[in-house]
Amino acid sequence: MSHPNLSPTPSAPAAATPPLVIAGHGTRVAAGAAQAAELVARVQALLPDVQVEAGFVELTEPPIADALAPLLAEHGRAVVVPLMIGSGGHVRDDIPEAIADAQATQPDAAVAYTRHLGSPKALLAAVRQRIDAARGEWAADDTDVILVGRGCSIAETNADHVRLTRLLFEAGGYRQVAAAFIQVARPSLPEALAQAAASGSRRIVVMPHFLFTGRLDQWVHQQTAEFVAAHPEIEVRVADVIGACTELAEVVVQRYREGVLKLRAEAGSSAYLSGLLLTGRKVVAVGGGCVNRRRVPKLLAAGAEVTVIAPELHPALAALAEAGKIGWRERTFLESDLDGAWYVLAATDDPETNAQVAAAAEARHTFCVRADRADQGSAWTPATATIDGLSVAVLAGGDPRRSRAVRDHLVAAWSSGTVPLPSTPVSTRCGDGSITVQPTDRLPAMDHDTAERGTVPSSADLRPAMDETAAADPDTSVDGNGTVPVMGGTKEYLRDGAEIYRQSFAIIEAETDLSRVPDGLRAAAIRMVHASGQPDLVDDLAWSDGFADAATAALRAGAPILCDSKMVASGVIRSRLPRDNQVLCLLGDPRLDALAAELGTTKTAAAVELWRPLLPGAVVAIGNAPTALFHLLEVVAAEPALAPAAVLGIPVGFVGAAESKQALAANELGLEYLVVHGRRGGSAVTVAALNALCGPDGRTG
């Protein structure tokens, strides 16, 4: 909406943007130092309004503390990004110590230390580019790859390197991908080369998985040359290091932006909280995907007149457009689309378009939420909930995950009675505490006049609700009002199990977009939402076309159910099993300790080896361990005859969970699968899906 009488608000000065320190390792090799300087220049070009400096752990000037301290003195805050692929000792100890030294000179300064680079898709793509450039005319499926990492004394860091070899194998189509380490850890590069030769490898690409050239890269070339001299019948090529490429610079920028949000969250939200009254007012949502699928219905509920700008729409939005509830301009964004708008959502999958939308909104003095870059919009969408008639909104400095987490914590605290929640501003004090009038279906809510008078409904007004409640459950320990004592007052709760069940699934049906879920998986999807309490879980749900039919056919045929954890196995409702199917979790098997040690993996993954006699045609339910899912894929890749009928691959966690599910969904082994992409999942969600497939409200009942 244009406001011609208002002067535009000046942009914040560059000094208001936190400076960035890129914390690298350092090298005595001039070429490596030059690559590091080139990267800093690339990052600076991507962040023109940010002061970008570099500091180093050793060997290269300046030290991290010396680079950081002047910035803290000038700006009072900074973001430090560790320029490290793995989370070894430098990330865990040396860089934090350098930050502490710098902060000692400026005790009131704030520093956001971000996570290390890791192996995001952009860096994986860069590694594949280096490998493919080195192999040249060699066919990928005729090429072995040895991925050489730095190596350290921290097992988890070395394991991350090994996990990366699996991702490269899945994505690159190479004959095999093996891990090696240049120092500390084994196998060493000479050992890995010897193992490749023994397995029949004749074309090998050695990939130095380092950011820049240096002594480690030189050692790789030296050791490879020694191997080639001893094995002239084997062709070996050494790929380039990752280098100061655009992909690396973009990952550093992403980590920086995460650090900015962290600083903002730790400092507290700077936003002014206000409720927007949008009835009859124009709102423009640019983008037809999942973000606007979630937000547009809430805007409609607030009475807004919503227009969506997008070449194509999510099915749920398309249904709203077909019903005439929203306007749809079936094309890309034009600045004129915002004329007359009061509120704008920029939620496309193209950052440039989102930036254009935000700029056009700013020019019109219209508040804009930018979904991909919260710090680049003029408004943030809070995490919201409605509790006993109250609207609750949480902002966490533009960090949506933290907002949702805080909201969920508050809702849980209020719902459990841990924190008393008066739902009206009026209460009466009694000698034994405060009794709050709750506007529920049992107790009448106060109208406006009652609230203004400062009175509460009379006992006669409440009597019918009290009597009905008492008669419904005379043996309950709560009082006749259907409430329990909580600190500072009372809390009412619903006690009818059938009604709780009915309301729960009515809420799920109302809040969950099931439009893309096929009929054969609808019950499973609903049960998974019920188990997680997260309607948007369905957005991350993915399945193979034949999964539902394959899983239910196997269950009807009496196939065993192989579970990665006791929680999954214990959660299977035996009475629903169509053929009294065997449900097995082998984590208690006495052979596992030795087997896991032999394989160099977790006991959960080792248990997959014990499944071999039962795997063909089985239903596999993995809700806990990504390593089990990875190893299952390895086993079936090696022996396709062991393929199960269907795999529920829904492990939860921060390390390997998302990647293992992505590997399952991308499998070329013919495995039928059901996954929840990303970090979410878990035993409860997995067994909920399995129970739904078993019936009676699923497929087999």
# chains A, B, ... in the order shown; residues from 1 in each chain; ligands from 1

call {"tool": "residues_around", "arguments": {"residues": "Ser504 (chain A)", "least_positions_apart": "4", "cutoff": "8 Å", "atoms": "only C-alpha atoms", "output": "ChimeraX atom specification"}}
result
/A:500,508,530

call {"tool": "residues_around", "arguments": {"residues": "region 632-649 of chain A", "least_positions_apart": "2", "cutoff": "6 Å", "atoms": "only C-alpha atoms", "output": "ChimeraX atom specification"}}
result
/A:551,615-622,629-630,672-675

call {"tool": "write_last_selection", "arguments": {"atoms": "C-alpha atoms", "output": "mmCIF file, in the first residue's frame"}}
result
data_model
loop_
_atom_site.group_PDB
_atom_site.id
_atom_site.type_symbol
_atom_site.label_atom_id
_atom_site.label_comp_id
_atom_site.auth_asym_id
_atom_site.auth_seq_id
_atom_site.Cartn_x
_atom_site.Cartn_y
_atom_site.Cartn_z
ATOM 1 C CA ALA A 551 3.730 -53.101 2.059
ATOM 2 C CA LEU A 615 15.137 -59.827 4.507
ATOM 3 C CA PRO A 616 13.719 -61.087 1.181
ATOM 4 C CA GLY A 617 10.106 -59.935 1.022
ATOM 5 C CA ALA A 618 10.123 -58.509 4.579
ATOM 6 C CA VAL A 619 8.740 -55.172 5.761
ATOM 7 C CA VAL A 620 11.558 -53.085 7.258
ATOM 8 C CA ALA A 621 10.789 -50.328 9.777
ATOM 9 C CA ILE A 622 13.702 -48.012 10.618
ATOM 10 C CA LEU A 629 19.271 -47.532 6.766
ATOM 11 C CA PHE A 630 22.608 -46.837 5.077
ATOM 12 C CA GLU A 672 9.589 -49.490 -2.325
ATOM 13 C CA TYR A 673 9.897 -46.819 0.364
ATOM 14 C CA LEU A 674 8.180 -44.363 2.673
ATOM 15 C CA VAL A 675 10.298 -41.532 4.136
#

call {"tool": "closest_residue", "arguments": {"among": "A:Val568, A:Ala45, A:Val676, A:Ala625", "to": "Ala542 (chain A)", "atoms": "only C-alpha atoms"}}
result
A:Val676

call {"tool": "closest_residue", "arguments": {"among": "A:Thr381, A:Ser565, A:Gln44, A:Gln183", "to": "Arg295 (chain A)", "atoms": "only C-alpha atoms"}}
result
A:Thr381

call {"tool": "select_by_dssp", "arguments": {"residues": "region 119-211 of chain A", "states": "helix (DSSP H, G or I)", "output": "ChimeraX atom specification"}}
result
/A:121-135,140-142,155-172,189-198

call {"tool": "select_by_dssp", "arguments": {"residues": "region 557-684 of chain A", "states": "strand (DSSP E or B)", "output": "PyMOL selection string"}}
result
chain A and resi 561-563+583-584+619-622+646-649+673-676

call {"tool": "atom_distance", "arguments": {"atom1": "CA of Asp66 (chain A)", "atom2": "CA of Val52 (chain A)"}}
result
13.8 Å

call {"tool": "residues_around", "arguments": {"residues": "Asp141 (chain A)", "least_positions_apart": "5", "cutoff": "6 Å", "atoms": "only C-alpha atoms", "output": "list of chain:residue names"}}
result
A:Gly173, A:Tyr174, A:Arg175

call {"tool": "write_last_selection", "arguments": {"atoms": "all heavy atoms", "output": "compact mmCIF listing (two decimals), in the first residue's frame"}}
result
# COMPACT_ATOMS: atom_id res chain seq x y z
N GLY A 173 27.62 -42.31 -9.35
CA GLY A 173 27.58 -43.50 -10.19
C GLY A 173 28.92 -44.15 -10.42
O GLY A 173 29.12 -44.85 -11.42
N TYR A 174 29.87 -43.91 -9.50
CA TYR A 174 31.20 -44.48 -9.66
C TYR A 174 31.20 -45.97 -9.31
O TYR A 174 30.30 -46.47 -8.63
CB TYR A 174 32.20 -43.73 -8.78
CG TYR A 174 32.13 -42.23 -8.94
CD1 TYR A 174 31.69 -41.41 -7.91
CD2 TYR A 174 32.47 -41.63 -10.15
CE1 TYR A 174 31.60 -40.04 -8.06
CE2 TYR A 174 32.39 -40.25 -10.32
CZ TYR A 174 31.95 -39.46 -9.27
OH TYR A 174 31.85 -38.11 -9.43
N ARG A 175 32.25 -46.68 -9.76
CA ARG A 175 32.33 -48.12 -9.48
C ARG A 175 32.36 -48.37 -7.98
O ARG A 175 31.66 -49.24 -7.47
CB ARG A 175 33.58 -48.70 -10.14
CG ARG A 175 33.79 -50.20 -9.89
CD ARG A 175 34.99 -50.72 -10.66
NE ARG A 175 35.22 -52.13 -10.38
CZ ARG A 175 36.01 -52.57 -9.38
NH1 ARG A 175 36.63 -51.69 -8.59
NH2 ARG A 175 36.18 -53.86 -9.19

call {"tool": "residues_around", "arguments": {"residues": "region 323-337 of chain A", "least_positions_apart": "3", "cutoff": "9 Å", "atoms": "only C-alpha atoms", "output": "list in words"}}
result
Val284, Val286, Gly287, Val296, Leu300, Glu305, Val306, Thr307, Val308, Ile309, Ala310, Pro311, Glu312, Leu313, Leu317, Ala318, Ala319, Leu320, Gly340, Ala341, Thr353, Gln356, Val357, Ala360 and Ala361 of chain A

call {"tool": "closest_residue", "arguments": {"among": "A:Ala196, A:Ala524, A:Ala171, A:Ala346", "to": "His231 (chain A)", "atoms": "only C-alpha atoms"}}
result
A:Ala196

call {"tool": "residues_around", "arguments": {"residues": "region 585-598 of chain A", "least_positions_apart": "5", "cutoff": "12 Å", "atoms": "only C-alpha atoms", "output": "PDB file with N, CA, C and O atoms, in the first residue's frame"}}
result
ATOM      1  N   PRO A 560       7.654 -61.008   7.776  1.00  0.00           N
ATOM      2  CA  PRO A 560       8.154 -60.497   9.056  1.00  0.00           C
ATOM      3  C   PRO A 560       8.366 -58.994   9.003  1.00  0.00           C
ATOM      4  O   PRO A 560       8.587 -58.418   7.928  1.00  0.00           O
ATOM      5  N   ILE A 561       8.304 -58.371  10.168  1.00  0.00           N
ATOM      6  CA  ILE A 561       8.554 -56.942  10.297  1.00  0.00           C
ATOM      7  C   ILE A 561       9.872 -56.787  11.037  1.00  0.00           C
ATOM      8  O   ILE A 561       9.985 -57.174  12.213  1.00  0.00           O
ATOM      9  N   LEU A 562      10.882 -56.231  10.386  1.00  0.00           N
ATOM     10  CA  LEU A 562      12.217 -56.087  10.940  1.00  0.00           C
ATOM     11  C   LEU A 562      12.414 -54.652  11.408  1.00  0.00           C
ATOM     12  O   LEU A 562      12.322 -53.717  10.601  1.00  0.00           O
ATOM     13  N   CYS A 563      12.676 -54.475  12.685  1.00  0.00           N
ATOM     14  CA  CYS A 563      12.713 -53.153  13.304  1.00  0.00           C
ATOM     15  C   CYS A 563      14.126 -52.815  13.769  1.00  0.00           C
ATOM     16  O   CYS A 563      14.833 -53.679  14.299  1.00  0.00           O
ATOM     17  N   ASP A 564      14.515 -51.553  13.616  1.00  0.00           N
ATOM     18  CA  ASP A 564      15.862 -51.162  14.022  1.00  0.00           C
ATOM     19  C   ASP A 564      15.969 -50.869  15.509  1.00  0.00           C
ATOM     20  O   ASP A 564      17.062 -50.801  16.051  1.00  0.00           O
ATOM     21  N   SER A 565      14.844 -50.658  16.189  1.00  0.00           N
ATOM     22  CA  SER A 565      14.893 -50.328  17.613  1.00  0.00           C
ATOM     23  C   SER A 565      13.777 -51.049  18.353  1.00  0.00           C
ATOM     24  O   SER A 565      12.742 -51.406  17.776  1.00  0.00           O
ATOM     25  N   LYS A 566      14.001 -51.241  19.637  1.00  0.00           N
ATOM     26  CA  LYS A 566      12.991 -51.893  20.467  1.00  0.00           C
ATOM     27  C   LYS A 566      11.742 -51.036  20.587  1.00  0.00           C
ATOM     28  O   LYS A 566      10.638 -51.558  20.764  1.00  0.00           O
ATOM     29  N   MET A 567      11.906 -49.712  20.510  1.00  0.00           N
ATOM     30  CA  MET A 567      10.738 -48.830  20.594  1.00  0.00           C
ATOM     31  C   MET A 567       9.796 -49.058  19.423  1.00  0.00           C
ATOM     32  O   MET A 567       8.576 -49.045  19.590  1.00  0.00           O
ATOM     33  N   VAL A 568      10.367 -49.230  18.223  1.00  0.00           N
ATOM     34  CA  VAL A 568       9.519 -49.508  17.062  1.00  0.00           C
ATOM     35  C   VAL A 568       8.827 -50.860  17.231  1.00  0.00           C
ATOM     36  O   VAL A 568       7.613 -50.988  17.056  1.00  0.00           O
ATOM     37  N   ALA A 569       9.608 -51.869  17.612  1.00  0.00           N
ATOM     38  CA  ALA A 569       9.037 -53.208  17.763  1.00  0.00           C
ATOM     39  C   ALA A 569       7.957 -53.240  18.834  1.00  0.00           C
ATOM     40  O   ALA A 569       6.906 -53.876  18.670  1.00  0.00           O
ATOM     41  N   SER A 570       8.191 -52.539  19.947  1.00  0.00           N
ATOM     42  CA  SER A 570       7.215 -52.534  21.044  1.00  0.00           C
ATOM     43  C   SER A 570       5.946 -51.801  20.672  1.00  0.00           C
ATOM     44  O   SER A 570       4.871 -52.081  21.218  1.00  0.00           O
ATOM     45  N   GLY A 571       6.049 -50.846  19.747  1.00  0.00           N
ATOM     46  CA  GLY A 571       4.878 -50.043  19.393  1.00  0.00           C
ATOM     47  C   GLY A 571       3.940 -50.705  18.410  1.00  0.00           C
ATOM     48  O   GLY A 571       2.819 -50.212  18.197  1.00  0.00           O
ATOM     49  N   VAL A 572       4.357 -51.804  17.802  1.00  0.00           N
ATOM     50  CA  VAL A 572       3.486 -52.482  16.833  1.00  0.00           C
ATOM     51  C   VAL A 572       2.306 -53.101  17.579  1.00  0.00           C
ATOM     52  O   VAL A 572       2.473 -53.857  18.540  1.00  0.00           O
ATOM     53  N   LYS A 603      25.978 -50.884  16.434  1.00  0.00           N
ATOM     54  CA  LYS A 603      25.309 -52.167  16.650  1.00  0.00           C
ATOM     55  C   LYS A 603      23.996 -52.231  15.874  1.00  0.00           C
ATOM     56  O   LYS A 603      23.595 -53.299  15.408  1.00  0.00           O
ATOM     57  N   THR A 604      23.322 -51.090  15.739  1.00  0.00           N
ATOM     58  CA  THR A 604      22.061 -51.080  14.996  1.00  0.00           C
ATOM     59  C   THR A 604      22.290 -51.418  13.526  1.00  0.00           C
ATOM     60  O   THR A 604      21.500 -52.149  12.918  1.00  0.00           O
ATOM     61  N   ALA A 605      23.367 -50.880  12.966  1.00  0.00           N
ATOM     62  CA  ALA A 605      23.684 -51.212  11.574  1.00  0.00           C
ATOM     63  C   ALA A 605      24.137 -52.663  11.465  1.00  0.00           C
ATOM     64  O   ALA A 605      23.778 -53.368  10.512  1.00  0.00           O
ATOM     65  N   ALA A 606      24.928 -53.117  12.444  1.00  0.00           N
ATOM     66  CA  ALA A 606      25.383 -54.506  12.420  1.00  0.00           C
ATOM     67  C   ALA A 606      24.212 -55.474  12.496  1.00  0.00           C
ATOM     68  O   ALA A 606      24.262 -56.577  11.923  1.00  0.00           O
ATOM     69  N   ALA A 607      23.148 -55.074  13.198  1.00  0.00           N
ATOM     70  CA  ALA A 607      21.974 -55.939  13.308  1.00  0.00           C
ATOM     71  C   ALA A 607      21.353 -56.227  11.949  1.00  0.00           C
ATOM     72  O   ALA A 607      20.710 -57.268  11.756  1.00  0.00           O
ATOM     73  N   VAL A 608      21.543 -55.314  10.997  1.00  0.00           N
ATOM     74  CA  VAL A 608      21.020 -55.547   9.644  1.00  0.00           C
ATOM     75  C   VAL A 608      21.637 -56.810   9.045  1.00  0.00           C
ATOM     76  O   VAL A 608      20.985 -57.539   8.282  1.00  0.00           O
ATOM     77  N   GLU A 609      22.907 -57.081   9.399  1.00  0.00           N
ATOM     78  CA  GLU A 609      23.555 -58.304   8.913  1.00  0.00           C
ATOM     79  C   GLU A 609      22.793 -59.544   9.397  1.00  0.00           C
ATOM     80  O   GLU A 609      22.690 -60.544   8.680  1.00  0.00           O
ATOM     81  N   LEU A 610      22.273 -59.469  10.627  1.00  0.00           N
ATOM     82  CA  LEU A 610      21.546 -60.613  11.184  1.00  0.00           C
ATOM     83  C   LEU A 610      20.161 -60.763  10.565  1.00  0.00           C
ATOM     84  O   LEU A 610      19.509 -61.796  10.752  1.00  0.00           O
ATOM     85  N   TRP A 611      19.699 -59.716   9.872  1.00  0.00           N
ATOM     86  CA  TRP A 611      18.390 -59.800   9.196  1.00  0.00           C
ATOM     87  C   TRP A 611      18.457 -60.632   7.911  1.00  0.00           C
ATOM     88  O   TRP A 611      17.413 -60.991   7.360  1.00  0.00           O
ATOM     89  N   ARG A 612      19.647 -60.881   7.378  1.00  0.00           N
ATOM     90  CA  ARG A 612      19.792 -61.432   6.033  1.00  0.00           C
ATOM     91  C   ARG A 612      18.861 -62.614   5.740  1.00  0.00           C
ATOM     92  O   ARG A 612      18.212 -62.642   4.684  1.00  0.00           O
ATOM     93  N   LEU A 614      16.011 -63.231   6.790  1.00  0.00           N
ATOM     94  CA  LEU A 614      14.600 -62.829   6.795  1.00  0.00           C
ATOM     95  C   LEU A 614      14.304 -61.673   5.843  1.00  0.00           C
ATOM     96  O   LEU A 614      13.135 -61.332   5.637  1.00  0.00           O
ATOM     97  N   VAL A 620      10.516 -53.644   6.398  1.00  0.00           N
ATOM     98  CA  VAL A 620      11.558 -53.085   7.258  1.00  0.00           C
ATOM     99  C   VAL A 620      11.077 -51.744   7.804  1.00  0.00           C
ATOM    100  O   VAL A 620      10.605 -50.892   7.049  1.00  0.00           O
ATOM    101  N   ALA A 621      11.210 -51.570   9.122  1.00  0.00           N
ATOM    102  CA  ALA A 621      10.789 -50.328   9.777  1.00  0.00           C
ATOM    103  C   ALA A 621      11.979 -49.750  10.530  1.00  0.00           C
ATOM    104  O   ALA A 621      12.384 -50.277  11.568  1.00  0.00           O
ATOM    105  N   ILE A 622      12.541 -48.670  10.003  1.00  0.00           N
ATOM    106  CA  ILE A 622      13.702 -48.012  10.618  1.00  0.00           C
ATOM    107  C   ILE A 622      13.266 -46.623  11.073  1.00  0.00           C
ATOM    108  O   ILE A 622      12.984 -45.750  10.246  1.00  0.00           O
ATOM    109  N   GLY A 623      13.212 -46.442  12.382  1.00  0.00           N
ATOM    110  CA  GLY A 623      12.753 -45.167  12.930  1.00  0.00           C
ATOM    111  C   GLY A 623      13.759 -44.478  13.818  1.00  0.00           C
ATOM    112  O   GLY A 623      13.461 -43.440  14.409  1.00  0.00           O
ATOM    113  N   ALA A 625      17.856 -45.258  13.590  1.00  0.00           N
ATOM    114  CA  ALA A 625      19.276 -45.259  13.260  1.00  0.00           C
ATOM    115  C   ALA A 625      19.538 -45.053  11.769  1.00  0.00           C
ATOM    116  O   ALA A 625      19.289 -45.953  10.963  1.00  0.00           O
ATOM    117  N   THR A 627      22.374 -45.167  10.416  1.00  0.00           N
ATOM    118  CA  THR A 627      23.378 -46.150  10.007  1.00  0.00           C
ATOM    119  C   THR A 627      22.732 -47.461   9.577  1.00  0.00           C
ATOM    120  O   THR A 627      23.230 -48.145   8.686  1.00  0.00           O
ATOM    121  N   ALA A 628      21.630 -47.826  10.219  1.00  0.00           N
ATOM    122  CA  ALA A 628      20.932 -49.047   9.821  1.00  0.00           C
ATOM    123  C   ALA A 628      20.374 -48.914   8.411  1.00  0.00           C
ATOM    124  O   ALA A 628      20.430 -49.852   7.603  1.00  0.00           O
ATOM    125  N   HIS A 631      23.224 -49.043   5.907  1.00  0.00           N
ATOM    126  CA  HIS A 631      23.773 -50.395   5.749  1.00  0.00           C
ATOM    127  C   HIS A 631      22.785 -51.302   5.013  1.00  0.00           C
ATOM    128  O   HIS A 631      23.196 -52.181   4.244  1.00  0.00           O
TER     129      HIS A 631
END

call {"tool": "residues_around", "arguments": {"residues": "Arg150 (chain A)", "least_positions_apart": "2", "cutoff": "8 Å", "atoms": "only C-alpha atoms", "output": "VMD selection string"}}
result
chain A and resid 148 152 181 to 183 209 to 210 216

call {"tool": "closest_residue", "arguments": {"among": "A:Gly259, A:Gln106, A:Arg115, A:Trp138", "to": "Pro82 (chain A)", "atoms": "only C-alpha atoms"}}
result
A:Arg115

call {"tool": "residues_around", "arguments": {"residues": "Leu248 (chain A)", "least_positions_apart": "4", "cutoff": "7 Å", "atoms": "only C-alpha atoms", "output": "ChimeraX atom specification"}}
result
/A:123,244,252

call {"tool": "closest_residue", "arguments": {"among": "A:His677, A:Ala371, A:Thr386, A:Val406", "to": "Gln662 (chain A)", "atoms": "only C-alpha atoms"}}
result
A:His677

call {"tool": "closest_residue", "arguments": {"among": "A:Ala413, A:Arg679, A:Glu58, A:Gly280", "to": "Val655 (chain A)", "atoms": "only C-alpha atoms"}}
result
A:Arg679

call {"tool": "atom_distance", "arguments": {"atom1": "CA of Ala140 (chain A)", "atom2": "CA of Val206 (chain A)"}}
result
13.6 Å
